[in-house]
Every structure is written in C-alpha cells, then in structure tokens.
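Heads up: the structure comes next, in structure tokens.
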Amino acid sequence: MTKYSAGWGLLALFATCAAAHPVWMLPSEFNVSSDKDHWITVDGTASHGVFSFDKPIGLDNVTVYDPAGNPGRTGPYYKGQRRSVFDLAVNEVGTYKIELRNPPRYVTTYTIGKRNTERRIMASKQEAAAQVPAKAQGVTTYAMQNVSAFYVTRNTPSDTVLKSTGQGLELQPLTHPSDVVVGEAARFRLTFEGQPLADRKVEVVGHGTQWRDGRQQQELVSDKDGVVTVTPTQTGPHLLSANIEQASQSPMADKVAINYLLTFEVLPQ
C-alpha cells in the first residue's frame, strides 16, 4: 500500500466517507448451464468481512454489460438492514459483466499551525479553494471511489466484456473468470487509464473465513505489466481487493484513491 505525502493512509482516507467499509457484490451463481432464460440473485453490502453482511448499499450505479458489451441497468432492488439484493436475468449465451462504479467523493487534506495539525474537509479542489486557510500547507485533494464487479457466464464463455476500456481503474481478467480452477494459476491485469500498474499490492481471500483460524489471504504484487497471478488453494467464491492511489488529471482533484473489489468463483479440477 502506498503512502500519501501528507501522511494519510489510504484506508484512513476511505474512512472519511460514509461508505468506509469495502463494497462488494456476491451472485448466487457465477456459471449458469441452462437452455432457458435464467434468473440469479445478487447480494451487495459494505463490510470488512469476506462474504459476511454488515451494511446495505445503494445499487443505483450498477451497470450490467451483456455478452455483446451493451450496457444496461438492473431493475428494482431491496435495501435491508445489512445487505441489498437485486435479481438479474441471464437471457443470453455468453459472459456478462456486472459492475458497481460509484461516483467519486472528494476529500481535501492539509496541515496548519505550529504543530502541523492535520485537517480534512469533504470538498473538491475547486470547493476547497474558498475553505482552506491561507496558511495551510500540504493541501491535497483526493477523488475517492469504490468499484465492485463480478462476471456471470451462461453456457458458453465469451470475452467481449473482458476487454479493457482504457478508462479509470480496471482489473482485466486474462484468465477467463469461468476457467479459474483450484491449484492452477489465474491472471488479472491491473490498469489505470489503460496503462499497466506495476508493483501494486493485491489481496485475495477465499470464502469461509468465519469457520477457520485467520483470513488465510494471499498477498500479491503486480509485475511490470500490471499482471497479478493467483493460484487458489480452495474452491468457491473469492474476493480480490486492490487499493490504488494515482495522480489525477482532473481539475477537481490532485489524486485519485480507488478501492476495487472483484468477486470470482474457483472451480474444482
């Protein structure tokens, strides 16, 4: 995990937002074998636990990309006390991508006074210009964003939705999500604005943490091409998370801080 020049940790920055917990989605099925239209149900929550529910989340920004890559929206969803739920029709053969990409939230940090007291305000770079004291030092504005994604395949896998768009932070599967098998290496490419992110930390945790001692996470680092290689040791759902800080070209922020979580399934051999 990288460090901010003003001394702010990435997790501490995310804690300034209402959605301080990591945000992830978990479908009832990742691979569907059916000759008829099929429905799956999807849970969404904000939780530090792996596949344990804590806080419900808004799902208005979920985009469903069909096997041809066409974007669409989900229907109504239920927001309960600890999770949110929506149903998804898997009507076409091929691979779907479901992504929750929430709009950025802005936080400006600075130090002030003889003791260099750290301060923060929820404001973009433009908004902060009128609020930050003239004697403030180390003024830095971050655009903070949560992204969550998973893939669902009906019958025959396809790769259109796996392609990089070259926009924002992406985790491109180089191994098809329907072909991740226990004991075999699976590869993902981490990019920002289409450029590979080298030497970035990624964590992968399998389901069932509440029934074992420790998370038993795999802590990985992307190579020079932005590629992360994971070899799963158990079957079932897994959660891959990456916390990224990058310089921003936007007039609204100096840097972006993005929390990306991908849910995927590991199959038996």
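We name chains A, B, ... following the order of the structure tokens; residues begin at 1 in each chain, and ligands are numbered from 1 as shown.
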Could you list, as a list in words, every residue within 7 Å of Ile40 in chain A, counting only C-alpha atoms and ignoring same-chain residues fewer than 2 positions away? Pro27, Ser28, Glu29, His38, Val42, Asp87, Leu88 and Ala89 of chain A
Write a file of the just-selected residues containing N, CA and C atoms, as a tab-separated table (two decimals), in the first residue's frame.
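Final output, part.tsv:
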```tsv
chain	number	residue	atom	x	y	z
A	27	PRO	N	-22.99	-12.90	-6.33
A	27	PRO	CA	-24.13	-13.52	-7.03
A	27	PRO	C	-24.41	-14.92	-6.51
A	28	SER	N	-25.63	-15.36	-6.69
A	28	SER	CA	-25.99	-16.73	-6.29
A	28	SER	C	-25.32	-17.76	-7.18
A	29	GLU	N	-25.02	-17.39	-8.42
A	29	GLU	CA	-24.36	-18.28	-9.37
A	29	GLU	C	-23.41	-17.47	-10.24
A	38	HIS	N	-32.70	-17.49	-17.48
A	38	HIS	CA	-32.39	-17.86	-16.11
A	38	HIS	C	-32.23	-16.60	-15.26
A	42	VAL	N	-28.46	-11.38	-6.48
A	42	VAL	CA	-27.18	-10.78	-6.14
A	42	VAL	C	-27.30	-10.04	-4.81
A	87	ASP	N	-32.30	-8.96	-8.42
A	87	ASP	CA	-32.35	-10.13	-9.29
A	87	ASP	C	-31.90	-9.73	-10.69
A	88	LEU	N	-31.23	-10.66	-11.36
A	88	LEU	CA	-30.66	-10.38	-12.67
A	88	LEU	C	-31.04	-11.47	-13.64
A	89	ALA	N	-31.62	-11.07	-14.77
A	89	ALA	CA	-31.99	-12.03	-15.82
A	89	ALA	C	-30.79	-12.31	-16.70
```
According to DSSP computed on the backbone, where in range 86-219 of chain A is there strand (DSSP E or B)? Give the residues as a compact mmCIF listing (two decimals) with C-alpha atoms, in the first residue's frame.
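Once everything was written out, this is result08.txt:
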```
# COMPACT_ATOMS: atom_id res chain seq x y z
CA PHE A 86 -31.38 -7.47 -6.75
CA ASP A 87 -32.35 -10.13 -9.29
CA LEU A 88 -30.66 -10.38 -12.67
CA ALA A 89 -31.99 -12.03 -15.82
CA VAL A 90 -29.33 -14.02 -17.68
CA GLY A 94 -22.06 -15.79 -23.08
CA THR A 95 -20.38 -13.80 -20.34
CA TYR A 96 -21.91 -10.80 -18.56
CA LYS A 97 -20.04 -8.19 -16.55
CA ILE A 98 -21.81 -6.58 -13.61
CA GLU A 99 -20.11 -3.50 -12.19
CA LEU A 100 -20.93 -1.06 -9.42
CA ARG A 101 -18.85 2.07 -10.04
CA ARG A 105 -16.33 11.64 -3.44
CA TYR A 106 -13.85 14.39 -2.72
CA VAL A 107 -11.77 14.98 0.41
CA THR A 108 -9.15 17.69 0.84
CA THR A 109 -6.39 17.27 3.43
CA TYR A 110 -3.92 19.82 4.76
CA THR A 111 -1.80 20.71 7.79
CA ILE A 112 -1.87 24.01 9.70
CA THR A 117 -2.20 19.71 12.81
CA GLU A 118 -3.80 17.53 10.16
CA ARG A 119 -7.21 18.63 8.88
CA ARG A 120 -9.63 17.40 6.24
CA ILE A 121 -12.81 18.66 4.64
CA GLN A 137 0.35 23.55 3.96
CA GLY A 138 0.40 20.31 2.03
CA VAL A 139 -3.07 20.90 0.59
CA THR A 140 -4.08 17.82 -1.40
CA THR A 141 -7.47 16.86 -2.78
CA TYR A 142 -8.38 13.21 -3.39
CA ALA A 143 -11.17 11.81 -5.54
CA MET A 144 -12.23 8.67 -3.68
CA GLN A 145 -14.15 5.92 -5.42
CA ASN A 146 -15.46 2.41 -4.71
CA VAL A 147 -15.71 -0.10 -7.55
CA SER A 148 -17.13 -3.62 -7.29
CA ALA A 149 -17.53 -6.19 -10.07
CA PHE A 150 -18.20 -9.81 -10.95
CA TYR A 151 -18.80 -11.90 -14.08
CA VAL A 152 -21.57 -14.39 -14.88
CA THR A 153 -21.50 -16.83 -17.79
CA ARG A 154 -24.43 -18.69 -19.31
CA LEU A 169 -9.07 1.74 -12.77
CA GLU A 170 -9.70 -1.67 -14.31
CA LEU A 171 -8.93 -5.24 -13.37
CA GLN A 172 -8.90 -7.13 -16.64
CA PRO A 173 -9.20 -10.92 -16.43
CA VAL A 181 -9.58 -23.69 -11.21
CA ALA A 186 -5.12 -17.37 -12.87
CA ARG A 187 -4.01 -13.97 -14.18
CA PHE A 188 -5.50 -10.47 -13.95
CA ARG A 189 -4.12 -7.18 -15.30
CA LEU A 190 -4.38 -4.01 -13.24
CA THR A 191 -4.52 -0.80 -15.30
CA PHE A 192 -5.34 2.88 -14.86
CA GLN A 195 -1.73 1.90 -18.56
CA PRO A 196 -0.45 -1.08 -16.53
CA LYS A 201 -0.42 -4.87 -3.79
CA VAL A 202 -3.48 -7.05 -4.24
CA GLU A 203 -5.16 -9.30 -1.68
CA VAL A 204 -7.17 -12.44 -2.46
CA VAL A 205 -9.28 -14.16 0.21
CA GLY A 206 -11.45 -17.25 -0.14
CA GLN A 218 -2.84 -14.33 -0.48
CA GLU A 219 -0.92 -11.05 -0.68
```
DSSP on the backbone, then: every residue of range 2-241 of chain A marked alpha helix (DSSP H), written as an mmCIF file with all heavy atoms, in the first residue's frame.
```
data_model
loop_
_atom_site.group_PDB
_atom_site.id
_atom_site.type_symbol
_atom_site.label_atom_id
_atom_site.label_comp_id
_atom_site.auth_asym_id
_atom_site.auth_seq_id
_atom_site.Cartn_x
_atom_site.Cartn_y
_atom_site.Cartn_z
ATOM 1 N N LEU A 10 -4.194 5.225 2.995
ATOM 2 C CA LEU A 10 -5.311 5.082 2.075
ATOM 3 C C LEU A 10 -6.579 4.649 2.793
ATOM 4 O O LEU A 10 -7.664 5.167 2.529
ATOM 5 C CB LEU A 10 -4.953 4.060 0.997
ATOM 6 C CG LEU A 10 -5.915 3.915 -0.177
ATOM 7 C CD1 LEU A 10 -6.122 5.247 -0.865
ATOM 8 C CD2 LEU A 10 -5.402 2.889 -1.153
ATOM 9 N N LEU A 11 -6.453 3.732 3.732
ATOM 10 C CA LEU A 11 -7.641 3.289 4.458
ATOM 11 C C LEU A 11 -8.195 4.394 5.327
ATOM 12 O O LEU A 11 -9.416 4.516 5.500
ATOM 13 C CB LEU A 11 -7.305 2.062 5.310
ATOM 14 C CG LEU A 11 -6.984 0.789 4.523
ATOM 15 C CD1 LEU A 11 -6.655 -0.347 5.482
ATOM 16 C CD2 LEU A 11 -8.145 0.399 3.629
ATOM 17 N N ALA A 12 -7.329 5.229 5.898
ATOM 18 C CA ALA A 12 -7.802 6.341 6.716
ATOM 19 C C ALA A 12 -8.597 7.325 5.876
ATOM 20 O O ALA A 12 -9.600 7.887 6.323
ATOM 21 C CB ALA A 12 -6.621 7.051 7.374
ATOM 22 N N LEU A 13 -8.172 7.525 4.635
ATOM 23 C CA LEU A 13 -8.913 8.415 3.749
ATOM 24 C C LEU A 13 -10.287 7.846 3.434
ATOM 25 O O LEU A 13 -11.288 8.554 3.445
ATOM 26 C CB LEU A 13 -8.123 8.630 2.453
ATOM 27 C CG LEU A 13 -7.108 9.763 2.477
ATOM 28 C CD1 LEU A 13 -6.321 9.785 1.185
ATOM 29 C CD2 LEU A 13 -7.772 11.098 2.719
ATOM 30 N N PHE A 14 -10.345 6.560 3.142
ATOM 31 C CA PHE A 14 -11.635 5.957 2.855
ATOM 32 C C PHE A 14 -12.555 6.011 4.062
ATOM 33 O O PHE A 14 -13.767 6.052 3.929
ATOM 34 C CB PHE A 14 -11.468 4.506 2.385
ATOM 35 C CG PHE A 14 -11.264 4.399 0.912
ATOM 36 C CD1 PHE A 14 -10.013 4.170 0.387
ATOM 37 C CD2 PHE A 14 -12.326 4.554 0.043
ATOM 38 C CE1 PHE A 14 -9.824 4.082 -0.978
ATOM 39 C CE2 PHE A 14 -12.147 4.469 -1.321
ATOM 40 C CZ PHE A 14 -10.890 4.235 -1.830
ATOM 41 N N LYS A 125 -11.306 20.096 -5.148
ATOM 42 C CA LYS A 125 -10.212 21.067 -5.220
ATOM 43 C C LYS A 125 -10.756 22.480 -5.424
ATOM 44 O O LYS A 125 -10.280 23.441 -4.798
ATOM 45 C CB LYS A 125 -9.271 20.680 -6.352
ATOM 46 C CG LYS A 125 -7.982 21.487 -6.414
ATOM 47 C CD LYS A 125 -7.046 20.907 -7.472
ATOM 48 C CE LYS A 125 -5.725 21.666 -7.493
ATOM 49 N NZ LYS A 125 -4.790 21.077 -8.506
ATOM 50 N N GLN A 126 -11.766 22.611 -6.265
ATOM 51 C CA GLN A 126 -12.348 23.918 -6.529
ATOM 52 C C GLN A 126 -13.115 24.430 -5.316
ATOM 53 O O GLN A 126 -13.020 25.602 -4.956
ATOM 54 C CB GLN A 126 -13.256 23.831 -7.752
ATOM 55 C CG GLN A 126 -12.504 23.493 -9.036
ATOM 56 C CD GLN A 126 -13.433 23.247 -10.208
ATOM 57 O OE1 GLN A 126 -14.616 22.965 -10.020
ATOM 58 N NE2 GLN A 126 -12.903 23.350 -11.412
ATOM 59 N N GLU A 127 -13.875 23.538 -4.664
ATOM 60 C CA GLU A 127 -14.629 23.939 -3.479
ATOM 61 C C GLU A 127 -13.716 24.284 -2.319
ATOM 62 O O GLU A 127 -13.983 25.211 -1.541
ATOM 63 C CB GLU A 127 -15.581 22.811 -3.076
ATOM 64 C CG GLU A 127 -16.669 22.529 -4.104
ATOM 65 C CD GLU A 127 -17.393 21.228 -3.831
ATOM 66 O OE1 GLU A 127 -16.824 20.365 -3.120
ATOM 67 O OE2 GLU A 127 -18.525 21.075 -4.322
ATOM 68 N N ALA A 128 -12.615 23.541 -2.203
ATOM 69 C CA ALA A 128 -11.700 23.742 -1.082
ATOM 70 C C ALA A 128 -10.950 25.065 -1.176
ATOM 71 O O ALA A 128 -10.500 25.597 -0.154
ATOM 72 C CB ALA A 128 -10.707 22.592 -1.012
#
```
Please measure the separation of CA of Phe264 in chain A and CA of Leu239 in chain A, giving the value in Å to one decimal. 6.6 Å
Asp35 in chain A surroundings by only C-alpha atoms, 12 Å radius, close-in-sequence under 2 positions cut, as an MDAnalysis selection string: chainID A and resid 32:33 37:38 90:93 154:156
Kindly save the residues from that selection, with C-alpha atoms included, as a PDB file, in the first residue's frame.
```pdb
ATOM      1  CA  VAL A  32     -25.256 -20.986 -15.463  1.00  0.00           C
ATOM      2  CA  SER A  33     -26.000 -24.051 -17.564  1.00  0.00           C
ATOM      3  CA  ASP A  37     -33.772 -17.794 -19.617  1.00  0.00           C
ATOM      4  CA  HIS A  38     -32.395 -17.864 -16.108  1.00  0.00           C
ATOM      5  CA  VAL A  90     -29.333 -14.015 -17.676  1.00  0.00           C
ATOM      6  CA  ASN A  91     -31.101 -14.405 -21.000  1.00  0.00           C
ATOM      7  CA  GLU A  92     -28.241 -14.569 -23.484  1.00  0.00           C
ATOM      8  CA  VAL A  93     -25.495 -17.105 -24.033  1.00  0.00           C
ATOM      9  CA  ARG A 154     -24.427 -18.694 -19.313  1.00  0.00           C
ATOM     10  CA  ASN A 155     -23.409 -21.867 -21.154  1.00  0.00           C
ATOM     11  CA  THR A 156     -20.517 -20.830 -23.441  1.00  0.00           C
TER      12      THR A 156
END
```
Hey, what's within 10 Å of Gln210 in chain A if we count only C-alpha atoms and toss same-chain stuff fewer than 3 positions away? As a ChimeraX atom specification, please? /A:49-52,207,213-215
Dump N, CA, C and O atoms for the selected residues as a compact mmCIF listing (two decimals), in the first residue's frame?
```txt
# COMPACT_ATOMS: atom_id res chain seq x y z
N GLY A 49 -15.73 -7.85 6.50
CA GLY A 49 -15.70 -9.30 6.47
C GLY A 49 -15.85 -9.82 5.05
O GLY A 49 -16.49 -9.20 4.21
N VAL A 50 -15.24 -10.96 4.78
CA VAL A 50 -15.32 -11.57 3.45
C VAL A 50 -16.60 -12.39 3.35
O VAL A 50 -16.75 -13.42 4.01
N PHE A 51 -17.54 -11.89 2.57
CA PHE A 51 -18.84 -12.52 2.34
C PHE A 51 -19.65 -12.66 3.64
O PHE A 51 -20.42 -13.61 3.79
N SER A 52 -19.46 -11.71 4.53
CA SER A 52 -20.36 -11.56 5.68
C SER A 52 -20.99 -10.19 5.57
O SER A 52 -20.32 -9.22 5.24
N HIS A 207 -13.72 -17.67 0.54
CA HIS A 207 -14.89 -17.64 1.42
C HIS A 207 -14.64 -18.51 2.66
O HIS A 207 -13.70 -19.30 2.71
N ASP A 213 -9.27 -20.40 11.31
CA ASP A 213 -8.37 -19.51 12.04
C ASP A 213 -7.65 -18.61 11.03
O ASP A 213 -6.87 -19.09 10.21
N GLY A 214 -7.93 -17.31 11.09
CA GLY A 214 -7.26 -16.36 10.21
C GLY A 214 -7.92 -16.26 8.86
O GLY A 214 -8.69 -17.12 8.43
N ARG A 215 -7.59 -15.19 8.16
CA ARG A 215 -8.17 -14.95 6.83
C ARG A 215 -7.57 -15.87 5.78
O ARG A 215 -8.18 -16.18 4.79
```
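For the pair CA of Ser124 in chain A and CA of Ser250 in chain A, the separation is 10.4 Å.
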Can you pull out every residue within 8 Å of Pro56 in chain A, counting only C-alpha atoms, but drop anything in the same chain fewer than 3 positions away, and send it as a list in words?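 Selected residues are Gly44, Thr45, Ala46, Lys79, Gly80, Gln81, Arg82, Arg83 and Ser84 of chain A.
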Written selection (C-alpha atoms) as a JSON list (two decimals), in the first residue's frame:
```json
[["chain", "number", "residue", "atom", "x", "y", "z"],
["A", 44, "GLY", "CA", -24.48, -6.28, -2.10],
["A", 45, "THR", "CA", -23.02, -4.98, 1.14],
["A", 46, "ALA", "CA", -20.37, -2.77, 2.71],
["A", 79, "LYS", "CA", -32.30, -2.48, 0.68],
["A", 80, "GLY", "CA", -32.49, -4.24, 4.02],
["A", 81, "GLN", "CA", -30.74, -3.70, 7.33],
["A", 82, "ARG", "CA", -27.48, -5.47, 6.46],
["A", 83, "ARG", "CA", -27.49, -6.06, 2.72],
["A", 84, "SER", "CA", -29.08, -5.01, -0.56]]
```
Nearest residue to Gly72 in chain A from the set A:Leu174, A:Asp60, A:Pro103, A:Trp211 (distances using only C-alpha atoms):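 Result for the nearest residue to Gly72 in chain A: A:Asp60.
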What's the separation between CA of Leu26 in chain A and CA of Asp43 in chain A, in Å to one decimal place? 5.2 Å
